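Peer 1: One structure, pasted below without further comment.
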Amino acid sequence: MKMSQLAGRRLKEDPKDAKTVSHKYLVRGGYIRPVSAGIYSLLPIAKRIISKIEAIIREEMNAVDGQEVLMPVVLPADLWQESGRYDTVGAELLRFKDRNGKAMILGMTHEEAVVHLIRTEISSYKQLPVMVYQIQTKYRDEARPRAGLIRVREFTMKDAYSFHTDQASLDEYYKRVHAAYEKIYRRVGLTHVVSILSNSGMMGGSVSHEFMLLADCGEDSIFLSPDGKSYKANREVAVSDLKFEKKGEELPLEKIHTPGKKTIEEVADFLGVKADQTGKAVFYSDPEGKLIFAMIRGDFEVNETKLKNVLGISEMNFANDEQIRAAGAVPGYASPLGLDPARIRLVVDKSAANTSNLVVGANEADYHYRNFNFGRDLDAKDVLVTDIACVREGDPCPVTGEPLVFRHGIEIGNIFQLGTKYSKPMNCSYLDKDGKSQYMVMGCYGIGVGRTMASVIEDSHDDYGPIWPMSVAPWQVHVCALTPQKDGVGEAASKLVAELEALGVEVLYDDRGEKAGSMFSDADLIGIPFRVIVSPKSLAGGAAEFRLRSSRDTELIPLETAAAELARRVKSELEKYR
RNA sequence: CGGAGCAUAGCGCAGCCUGGUAGCGCGAUUGGUUUGGGACCAAUAGGCCGAGGGUUCGAAUCCCUCUGCUCCGACCA
């Protein structure tokens, strides 16, 4: 490919709103262009990288017996009504009507579509297990797209779905996919990916993992054991080994005047106690509008995911003051004391239940109680006591007991045991050995392709641009002709390019005759791992200069053998990513 | 969905407060001199100032409405 003909320009300046490294370089380097919020066109450089990532994914999915299919982007709403998700999924699902007024949707994930496909094609246990996958466009009407390709509305996703006779078969297959994912991320050159425990939502007992690239710009919060291996979990589900013990004598409940002191900090300061001697009340309302009262020790935050899972609900909002008052509590001075358990859904975190003599609200403006003791002051049998706390950095790891480490991550893939969540309502069944109808047990496995590309930049770049691993680089060798019109430089460079291409090497040839500075800056933004410079100087010695994108050291390679030598090095570099 | 901001040439911006011929830098085109980390000279092209309405003799500029985009937060199979 001649650079003089490459579609897409490089920009000298950072795009004004780009904050993350990958966003800046993708726009500056001429990889992507915004079309609308969270919707991008890919220029040739990005398209080539994406194709290579897809090829690696394809190979590894095929290696675990996956069969590639292609399902529609536009789906009839009734399929989603069948699974029940048409009503439970929020506004991210883009709904519209066709010319006949039929309700349609744009696919944001394809469980329904794949069940529709498989339930008519597979009917016997002899055909199971089976896995199908596709690499296809998804549309999610995100409320807030951000950071270039990290969070977008339209994107390419590899989504795979496996169907099994039973949980044991799913368990075994799930492990294979987990290993395949690790291989995919290694092959695309990502070096800081961890798989972590993630939220399984209302699935009850099902298992899921997220694959995270550890990166400061990531949106997800992760807790890791110090060795990075023993324990890895999303903040949504992370637990710690903190022990709570009631200590000392239970002192008598004492009502105290705390005028205008509403927050934990204010109350704790006012009374001269620490936050861990207070109890905090946090209110939500469930989808039916019933008040959820979460009580937790003052030094913890409520983990909303844990709380939702405990209550078995998928949605919940912060309650407003009116809702709180309606249940008999007083905002700022609330506690479970004296409330009617029938009117609220009370959940107490074990931190609050197992600490003695807490300061809690009195459900009366400007008053708190000292020496609240759960069990004594609140009947434990009416109350759900469990873990609804966010883990804090430094809390003891549940596996090793060492202080947990907090990191941000970019979610670049997930794998999920679905069980019969979709096969049951959508009647996706097979006949077992005894001729009995059984629901198929499902797993699903996703990888965001564009997000993976952006993540490679986050993981591999310097101050001048991305440094692509050979396995996904848009081209393998970047040949730069310095003053191509002089001293036969252009001819020598063209010859080298032709020889390389004849050996199957992918070459980007900078034939533009730009100044060295702008040529090298462009080359850095394109990030091809191998660079060859042909100039009058090197040509006089019958050689070309070779250097890596990741280094400024150069090496002279004789022109007669350059093509063969470079082809050999490309091949050997590619071997590292097999 | 809450909060904040922005919208003027391909890109980055100034002009707006205080209404009066549309500007700068980069980029592009042509010609010339150049060529080892974003050169120089000369010329040229390029704008319904996001859209609609209002005030005014006159609106990029003042007022109203709308739309789009970005950032922070909420949400996120």
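How things are named: the first chain in the structure tokens is A, the next is B, and so on; residues count from 1 in each chain; ligands count from 1 in the order shown.
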Sorted by chain and rising residue number, which residues of chain A lie within 8 Å of chain B, and what are their closest atom pairs and distances in Å to one decimal, counting only C-alpha atoms (C1' of nucleotides), as JSON lines?
Peer 2:
```
{"residue": "A:Leu11", "atom": "CA", "partner": "B:C11", "partner_atom": "C1'", "distance": 7.4}
{"residue": "A:Lys12", "atom": "CA", "partner": "B:G38", "partner_atom": "C1'", "distance": 7.5}
{"residue": "A:Glu13", "atom": "CA", "partner": "B:G12", "partner_atom": "C1'", "distance": 7.3}
{"residue": "A:Lys16", "atom": "CA", "partner": "B:G12", "partner_atom": "C1'", "distance": 7.8}
{"residue": "A:Asp17", "atom": "CA", "partner": "B:U70", "partner_atom": "C1'", "distance": 6.3}
{"residue": "A:Ala37", "atom": "CA", "partner": "B:C69", "partner_atom": "C1'", "distance": 7.1}
{"residue": "A:Val89", "atom": "CA", "partner": "B:A77", "partner_atom": "C1'", "distance": 7.8}
{"residue": "A:Glu92", "atom": "CA", "partner": "B:C76", "partner_atom": "C1'", "distance": 8.0}
{"residue": "A:Met108", "atom": "CA", "partner": "B:A77", "partner_atom": "C1'", "distance": 7.6}
{"residue": "A:Thr109", "atom": "CA", "partner": "B:A77", "partner_atom": "C1'", "distance": 6.8}
{"residue": "A:Glu142", "atom": "CA", "partner": "B:C76", "partner_atom": "C1'", "distance": 7.4}
{"residue": "A:Ala143", "atom": "CA", "partner": "B:C75", "partner_atom": "C1'", "distance": 7.4}
{"residue": "A:Leu482", "atom": "CA", "partner": "B:U35", "partner_atom": "C1'", "distance": 7.7}
{"residue": "A:Thr483", "atom": "CA", "partner": "B:U35", "partner_atom": "C1'", "distance": 6.5}
{"residue": "A:Glu514", "atom": "CA", "partner": "B:U35", "partner_atom": "C1'", "distance": 7.7}
{"residue": "A:Lys515", "atom": "CA", "partner": "B:U35", "partner_atom": "C1'", "distance": 5.2}
{"residue": "A:Ala516", "atom": "CA", "partner": "B:G36", "partner_atom": "C1'", "distance": 5.9}
{"residue": "A:Gly517", "atom": "CA", "partner": "B:G37", "partner_atom": "C1'", "distance": 4.1}
{"residue": "A:Ser518", "atom": "CA", "partner": "B:G38", "partner_atom": "C1'", "distance": 4.4}
{"residue": "A:Phe520", "atom": "CA", "partner": "B:G37", "partner_atom": "C1'", "distance": 6.4}
{"residue": "A:Ser521", "atom": "CA", "partner": "B:G38", "partner_atom": "C1'", "distance": 6.7}
```
Peer 1: Mind writing the picked residues with C-alpha atoms as a short mmCIF file (atom, residue, chain, number, x, y, z; two decimals), in the first residue's frame?
Peer 2:
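Output (result28.cif):
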```cif
data_model
loop_
_atom_site.label_atom_id
_atom_site.label_comp_id
_atom_site.auth_asym_id
_atom_site.auth_seq_id
_atom_site.Cartn_x
_atom_site.Cartn_y
_atom_site.Cartn_z
CA LEU A 11 -3.76 15.29 12.62
CA LYS A 12 -1.06 17.37 14.17
CA GLU A 13 -3.08 18.30 17.21
CA LYS A 16 -10.07 18.70 21.70
CA ASP A 17 -12.26 16.42 23.77
CA ALA A 37 -22.34 10.40 19.48
CA VAL A 89 -34.32 -4.07 29.39
CA GLU A 92 -30.47 0.91 25.63
CA MET A 108 -27.87 -5.41 21.41
CA THR A 109 -27.11 -9.06 22.17
CA GLU A 142 -25.99 4.12 25.55
CA ALA A 143 -26.97 7.11 27.65
CA LEU A 482 13.60 9.69 2.27
CA THR A 483 13.84 12.01 -0.76
CA GLU A 514 7.67 14.34 2.90
CA LYS A 515 10.28 15.84 5.19
CA ALA A 516 11.83 13.26 7.47
CA GLY A 517 10.17 14.78 10.51
CA SER A 518 6.61 14.57 9.26
CA PHE A 520 8.48 9.73 11.03
CA SER A 521 5.70 11.39 13.03
#
```
Peer 1: Give me, as JSON, numbers by chain, all polymer residues having an atom no more than 12 Å from U44 in chain B, counting only C-alpha atoms (C1' of nucleotides) and skipping those fewer than 5 positions away in the same chain.
Peer 2: {"B": [28, 29, 30, 31]}
Peer 1: What's around Arg568 in chain A at 12 Å? Count only C-alpha atoms (C1' of nucleotides), leave out sequence neighbours fewer than 2 positions away in its own chain, and write the answer as a PyMOL selection string.
Peer 2: chain A and resi 476-477+500+503-505+561-566+570-575
Peer 1: Generate a file of the selected residues that holds N, CA and C atoms, formatted as a short mmCIF file (atom, residue, chain, number, x, y, z; two decimals), in the first residue's frame.
Peer 2:
```cif
data_model
loop_
_atom_site.label_atom_id
_atom_site.label_comp_id
_atom_site.auth_asym_id
_atom_site.auth_seq_id
_atom_site.Cartn_x
_atom_site.Cartn_y
_atom_site.Cartn_z
N GLN A 476 2.92 -4.97 8.30
CA GLN A 476 4.02 -5.57 9.08
C GLN A 476 5.30 -4.75 8.99
N VAL A 477 5.52 -4.13 7.83
CA VAL A 477 6.74 -3.34 7.64
C VAL A 477 6.35 -1.99 7.03
N LEU A 500 9.37 -7.54 -0.92
CA LEU A 500 8.74 -7.92 0.34
C LEU A 500 7.33 -8.46 0.09
N LEU A 503 7.15 -11.83 -1.09
CA LEU A 503 7.40 -12.83 -0.04
C LEU A 503 6.23 -12.90 0.96
N GLY A 504 5.16 -12.17 0.64
CA GLY A 504 3.98 -12.26 1.48
C GLY A 504 3.99 -11.31 2.67
N VAL A 505 4.92 -10.36 2.66
CA VAL A 505 4.98 -9.40 3.77
C VAL A 505 4.04 -8.23 3.46
N THR A 561 19.86 -8.56 0.34
CA THR A 561 19.25 -9.60 1.17
C THR A 561 18.16 -9.05 2.08
N ALA A 562 17.86 -7.74 1.95
CA ALA A 562 16.95 -7.10 2.90
C ALA A 562 15.57 -7.76 2.92
N ALA A 563 15.01 -8.00 1.74
CA ALA A 563 13.65 -8.53 1.69
C ALA A 563 13.58 -9.88 2.39
N ALA A 564 14.50 -10.76 2.07
CA ALA A 564 14.48 -12.09 2.67
C ALA A 564 14.68 -12.01 4.18
N GLU A 565 15.63 -11.16 4.59
CA GLU A 565 15.92 -11.03 6.01
C GLU A 565 14.71 -10.46 6.76
N LEU A 566 14.08 -9.43 6.19
CA LEU A 566 12.92 -8.84 6.86
C LEU A 566 11.75 -9.81 6.92
N VAL A 570 9.89 -10.91 10.28
CA VAL A 570 8.44 -10.76 10.47
C VAL A 570 7.86 -12.10 10.93
N LYS A 571 8.28 -13.14 10.25
CA LYS A 571 7.75 -14.47 10.56
C LYS A 571 8.10 -14.86 11.99
N SER A 572 9.33 -14.58 12.35
CA SER A 572 9.77 -14.95 13.70
C SER A 572 9.04 -14.12 14.76
N GLU A 573 8.78 -12.84 14.42
CA GLU A 573 8.02 -12.00 15.35
C GLU A 573 6.59 -12.51 15.49
N LEU A 574 5.99 -12.91 14.38
CA LEU A 574 4.62 -13.43 14.41
C LEU A 574 4.51 -14.68 15.27
N GLU A 575 5.58 -15.48 15.25
CA GLU A 575 5.58 -16.72 16.03
C GLU A 575 5.33 -16.46 17.52
#
```
Peer 1: Could you find all residues in range 293-420 of chain A that DSSP calls strand (DSSP E) from the backbone, and write them as a short mmCIF file (atom, residue, chain, number, x, y, z; two decimals) with N, CA and C atoms, in the first residue's frame?
Peer 2:
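Contents of result19.cif, freshly written:
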```cif
data_model
loop_
_atom_site.label_atom_id
_atom_site.label_comp_id
_atom_site.auth_asym_id
_atom_site.auth_seq_id
_atom_site.Cartn_x
_atom_site.Cartn_y
_atom_site.Cartn_z
N PHE A 293 -34.67 -0.20 52.86
CA PHE A 293 -33.87 0.45 53.89
C PHE A 293 -32.61 -0.37 54.09
N ALA A 294 -31.48 0.21 53.66
CA ALA A 294 -30.21 -0.49 53.82
C ALA A 294 -29.47 0.16 54.99
N MET A 295 -29.11 -0.67 55.96
CA MET A 295 -28.35 -0.13 57.09
C MET A 295 -26.96 -0.72 57.07
N ILE A 296 -25.99 0.18 57.26
CA ILE A 296 -24.61 -0.24 57.14
C ILE A 296 -23.78 0.60 58.11
N ARG A 297 -22.63 0.11 58.50
CA ARG A 297 -21.81 0.90 59.42
C ARG A 297 -21.29 2.14 58.68
N ASN A 317 -33.88 2.52 42.67
CA ASN A 317 -33.45 3.91 42.60
C ASN A 317 -33.30 4.46 44.01
N PHE A 318 -32.53 5.55 44.11
CA PHE A 318 -32.50 6.25 45.39
C PHE A 318 -33.91 6.74 45.71
N ILE A 344 -41.42 -1.66 55.04
CA ILE A 344 -40.12 -1.47 54.40
C ILE A 344 -39.47 -2.81 54.14
N ARG A 345 -38.51 -2.80 53.24
CA ARG A 345 -37.67 -3.98 53.06
C ARG A 345 -36.33 -3.64 53.70
N LEU A 346 -36.11 -4.17 54.89
CA LEU A 346 -34.93 -3.82 55.67
C LEU A 346 -33.81 -4.83 55.43
N VAL A 347 -32.65 -4.31 55.08
CA VAL A 347 -31.47 -5.16 54.95
C VAL A 347 -30.36 -4.52 55.76
N VAL A 348 -29.75 -5.31 56.64
CA VAL A 348 -28.68 -4.77 57.50
C VAL A 348 -27.38 -5.45 57.13
N ASP A 349 -26.39 -4.63 56.86
CA ASP A 349 -25.07 -5.18 56.57
C ASP A 349 -24.48 -5.77 57.84
N LEU A 358 -23.53 1.45 68.52
CA LEU A 358 -23.45 2.40 67.41
C LEU A 358 -24.29 3.63 67.68
N VAL A 359 -23.88 4.72 67.06
CA VAL A 359 -24.72 5.91 67.01
C VAL A 359 -25.62 5.78 65.79
N VAL A 360 -26.93 5.86 66.00
CA VAL A 360 -27.86 5.76 64.87
C VAL A 360 -28.91 6.86 65.00
N GLY A 361 -29.65 7.07 63.93
CA GLY A 361 -30.70 8.07 63.94
C GLY A 361 -31.83 7.69 64.87
N TYR A 367 -32.26 14.45 66.47
CA TYR A 367 -31.93 13.50 67.55
C TYR A 367 -31.31 12.22 67.00
N HIS A 368 -30.33 11.73 67.70
CA HIS A 368 -29.76 10.41 67.42
C HIS A 368 -29.79 9.59 68.71
N TYR A 369 -29.54 8.32 68.54
CA TYR A 369 -29.34 7.46 69.72
C TYR A 369 -27.89 7.04 69.79
N ARG A 370 -27.38 6.95 70.98
CA ARG A 370 -26.12 6.25 71.21
C ARG A 370 -26.44 4.81 71.60
N ASN A 371 -25.44 3.95 71.39
CA ASN A 371 -25.49 2.58 71.94
C ASN A 371 -26.59 1.70 71.35
N PHE A 372 -26.75 1.84 70.02
CA PHE A 372 -27.64 0.91 69.33
C PHE A 372 -26.94 -0.44 69.24
N LEU A 384 -33.05 -9.16 57.41
CA LEU A 384 -32.06 -9.84 56.61
C LEU A 384 -30.69 -9.23 56.92
N VAL A 385 -29.80 -10.04 57.51
CA VAL A 385 -28.44 -9.56 57.77
C VAL A 385 -27.51 -10.25 56.80
N THR A 386 -26.79 -9.46 56.03
CA THR A 386 -25.92 -10.06 55.03
C THR A 386 -24.85 -9.06 54.63
N VAL A 405 -5.95 -4.89 46.72
CA VAL A 405 -5.47 -3.80 45.87
C VAL A 405 -6.60 -3.38 44.94
N PHE A 406 -6.76 -2.07 44.76
CA PHE A 406 -7.81 -1.55 43.89
C PHE A 406 -7.22 -1.15 42.54
N ARG A 407 -7.89 -1.56 41.46
CA ARG A 407 -7.44 -1.16 40.13
C ARG A 407 -8.65 -0.83 39.25
N HIS A 408 -8.40 0.00 38.23
CA HIS A 408 -9.43 0.20 37.21
C HIS A 408 -9.19 -0.77 36.06
N GLY A 409 -10.26 -1.11 35.36
CA GLY A 409 -10.12 -2.03 34.24
C GLY A 409 -11.07 -1.70 33.11
N ILE A 410 -10.67 -2.08 31.90
CA ILE A 410 -11.54 -1.99 30.74
C ILE A 410 -12.06 -3.39 30.46
N GLU A 411 -13.37 -3.54 30.45
CA GLU A 411 -13.94 -4.86 30.21
C GLU A 411 -13.88 -5.16 28.73
N ILE A 412 -13.06 -6.15 28.35
CA ILE A 412 -12.92 -6.43 26.92
C ILE A 412 -13.53 -7.78 26.56
N GLY A 413 -14.10 -8.45 27.54
CA GLY A 413 -14.78 -9.70 27.21
C GLY A 413 -15.47 -10.23 28.44
N ASN A 414 -16.48 -11.04 28.22
CA ASN A 414 -17.08 -11.72 29.36
C ASN A 414 -17.61 -13.08 28.95
N ILE A 415 -17.66 -13.95 29.91
CA ILE A 415 -18.21 -15.28 29.67
C ILE A 415 -19.20 -15.55 30.79
N PHE A 416 -20.28 -16.23 30.45
CA PHE A 416 -21.42 -16.25 31.33
C PHE A 416 -22.14 -17.59 31.25
N GLN A 417 -22.41 -18.18 32.37
CA GLN A 417 -23.24 -19.39 32.37
C GLN A 417 -24.70 -18.96 32.50
N LEU A 418 -25.45 -19.19 31.46
CA LEU A 418 -26.84 -18.72 31.45
C LEU A 418 -27.82 -19.73 32.02
N GLY A 419 -27.41 -21.00 32.02
CA GLY A 419 -28.35 -22.03 32.46
C GLY A 419 -29.54 -22.10 31.51
#
```
Peer 1: Work out how far CA of Lys495 in chain A is from CA of Leu539 in chain A, in Å to one decimal.
Peer 2: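 These two atoms are separated by 12.7 Å.
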Peer 1: Mind the document's chain letters and residue numbers, and return as an MDAnalysis selection string the residues of range 85-253 of chain A that DSSP labels alpha helix (DSSP H).
Peer 2: chainID A and resid 85:88 111:121 167:187
Peer 1: Write a file of the selected residues as a compact mmCIF listing (two decimals), in the first residue's frame, keeping N, CA and C atoms.
Peer 2:
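The resulting file, result.txt, is shown below:
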```
# COMPACT_ATOMS: atom_id res chain seq x y z
N ARG A 85 -37.48 -10.03 27.94
CA ARG A 85 -36.54 -8.92 28.07
C ARG A 85 -37.04 -7.63 27.41
N TYR A 86 -38.04 -7.76 26.52
CA TYR A 86 -38.55 -6.55 25.87
C TYR A 86 -39.00 -5.54 26.91
N ASP A 87 -39.51 -6.05 28.04
CA ASP A 87 -40.02 -5.15 29.07
C ASP A 87 -39.02 -4.88 30.18
N THR A 88 -38.03 -5.75 30.35
CA THR A 88 -37.11 -5.54 31.48
C THR A 88 -35.87 -4.76 31.09
N GLU A 111 -29.10 -13.51 22.46
CA GLU A 111 -29.60 -14.73 23.08
C GLU A 111 -30.93 -15.16 22.44
N GLU A 112 -31.84 -14.22 22.29
CA GLU A 112 -33.14 -14.54 21.71
C GLU A 112 -33.00 -15.07 20.28
N ALA A 113 -32.18 -14.36 19.51
CA ALA A 113 -32.02 -14.75 18.10
C ALA A 113 -31.39 -16.14 18.00
N VAL A 114 -30.42 -16.40 18.85
CA VAL A 114 -29.73 -17.69 18.73
C VAL A 114 -30.63 -18.83 19.23
N VAL A 115 -31.43 -18.56 20.23
CA VAL A 115 -32.38 -19.58 20.70
C VAL A 115 -33.40 -19.87 19.59
N HIS A 116 -33.86 -18.82 18.96
CA HIS A 116 -34.78 -18.97 17.83
C HIS A 116 -34.18 -19.88 16.76
N LEU A 117 -32.87 -19.70 16.53
CA LEU A 117 -32.19 -20.49 15.51
C LEU A 117 -32.02 -21.94 15.95
N ILE A 118 -31.52 -22.12 17.15
CA ILE A 118 -31.13 -23.45 17.60
C ILE A 118 -32.33 -24.33 17.93
N ARG A 119 -33.38 -23.73 18.47
CA ARG A 119 -34.51 -24.57 18.91
C ARG A 119 -35.17 -25.30 17.75
N THR A 120 -35.02 -24.78 16.53
CA THR A 120 -35.61 -25.49 15.40
C THR A 120 -34.60 -26.38 14.69
N GLU A 121 -33.32 -26.17 14.97
CA GLU A 121 -32.29 -26.93 14.25
C GLU A 121 -31.77 -28.12 15.05
N GLN A 167 -25.60 -29.15 33.20
CA GLN A 167 -24.67 -28.20 33.80
C GLN A 167 -23.23 -28.71 33.73
N ALA A 168 -23.04 -30.02 33.89
CA ALA A 168 -21.68 -30.56 33.89
C ALA A 168 -21.01 -30.30 32.55
N SER A 169 -21.77 -30.48 31.49
CA SER A 169 -21.25 -30.23 30.15
C SER A 169 -20.92 -28.76 29.97
N LEU A 170 -21.81 -27.89 30.48
CA LEU A 170 -21.55 -26.44 30.41
C LEU A 170 -20.28 -26.09 31.20
N ASP A 171 -20.17 -26.63 32.40
CA ASP A 171 -19.00 -26.34 33.24
C ASP A 171 -17.71 -26.66 32.51
N GLU A 172 -17.70 -27.83 31.89
CA GLU A 172 -16.50 -28.27 31.20
C GLU A 172 -16.19 -27.37 30.02
N TYR A 173 -17.24 -27.03 29.26
CA TYR A 173 -17.05 -26.21 28.08
C TYR A 173 -16.63 -24.78 28.46
N TYR A 174 -17.23 -24.30 29.53
CA TYR A 174 -16.94 -22.95 30.03
C TYR A 174 -15.44 -22.79 30.30
N LYS A 175 -14.86 -23.83 30.86
CA LYS A 175 -13.42 -23.79 31.13
C LYS A 175 -12.62 -23.70 29.84
N ARG A 176 -13.08 -24.42 28.82
CA ARG A 176 -12.37 -24.37 27.53
C ARG A 176 -12.43 -22.97 26.94
N VAL A 177 -13.60 -22.33 27.03
CA VAL A 177 -13.72 -20.99 26.47
C VAL A 177 -12.86 -20.02 27.27
N HIS A 178 -12.85 -20.21 28.59
CA HIS A 178 -12.00 -19.36 29.43
C HIS A 178 -10.55 -19.41 28.95
N ALA A 179 -10.08 -20.61 28.69
CA ALA A 179 -8.70 -20.78 28.21
C ALA A 179 -8.53 -20.17 26.82
N ALA A 180 -9.55 -20.33 25.98
CA ALA A 180 -9.48 -19.76 24.62
C ALA A 180 -9.38 -18.24 24.70
N TYR A 181 -10.11 -17.65 25.62
CA TYR A 181 -10.06 -16.19 25.77
C TYR A 181 -8.67 -15.73 26.20
N GLU A 182 -8.10 -16.47 27.15
CA GLU A 182 -6.75 -16.09 27.58
C GLU A 182 -5.78 -16.13 26.41
N LYS A 183 -5.99 -17.11 25.56
CA LYS A 183 -5.11 -17.23 24.39
C LYS A 183 -5.35 -16.08 23.41
N ILE A 184 -6.61 -15.73 23.20
CA ILE A 184 -6.92 -14.62 22.29
C ILE A 184 -6.24 -13.34 22.76
N TYR A 185 -6.35 -13.04 24.03
CA TYR A 185 -5.78 -11.77 24.51
C TYR A 185 -4.26 -11.80 24.44
N ARG A 186 -3.68 -12.95 24.68
CA ARG A 186 -2.23 -13.05 24.54
C ARG A 186 -1.85 -12.84 23.08
N ARG A 187 -2.61 -13.44 22.18
CA ARG A 187 -2.26 -13.36 20.75
C ARG A 187 -2.43 -11.95 20.18
```
Peer 1: Go through A:Arg569, A:Arg48, A:Lys2, A:His164 and flag the residue nearest Asp432 in chain A, using only C-alpha atoms for the distances.
Peer 2: A:His164
Peer 1: Which is closest to Val130 in chain A among A:Ser221, A:Thr263, A:Ala147, A:Val64, if we use only C-alpha atoms?
Peer 2: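 So, comparing all the options, the nearest one is A:Val64.
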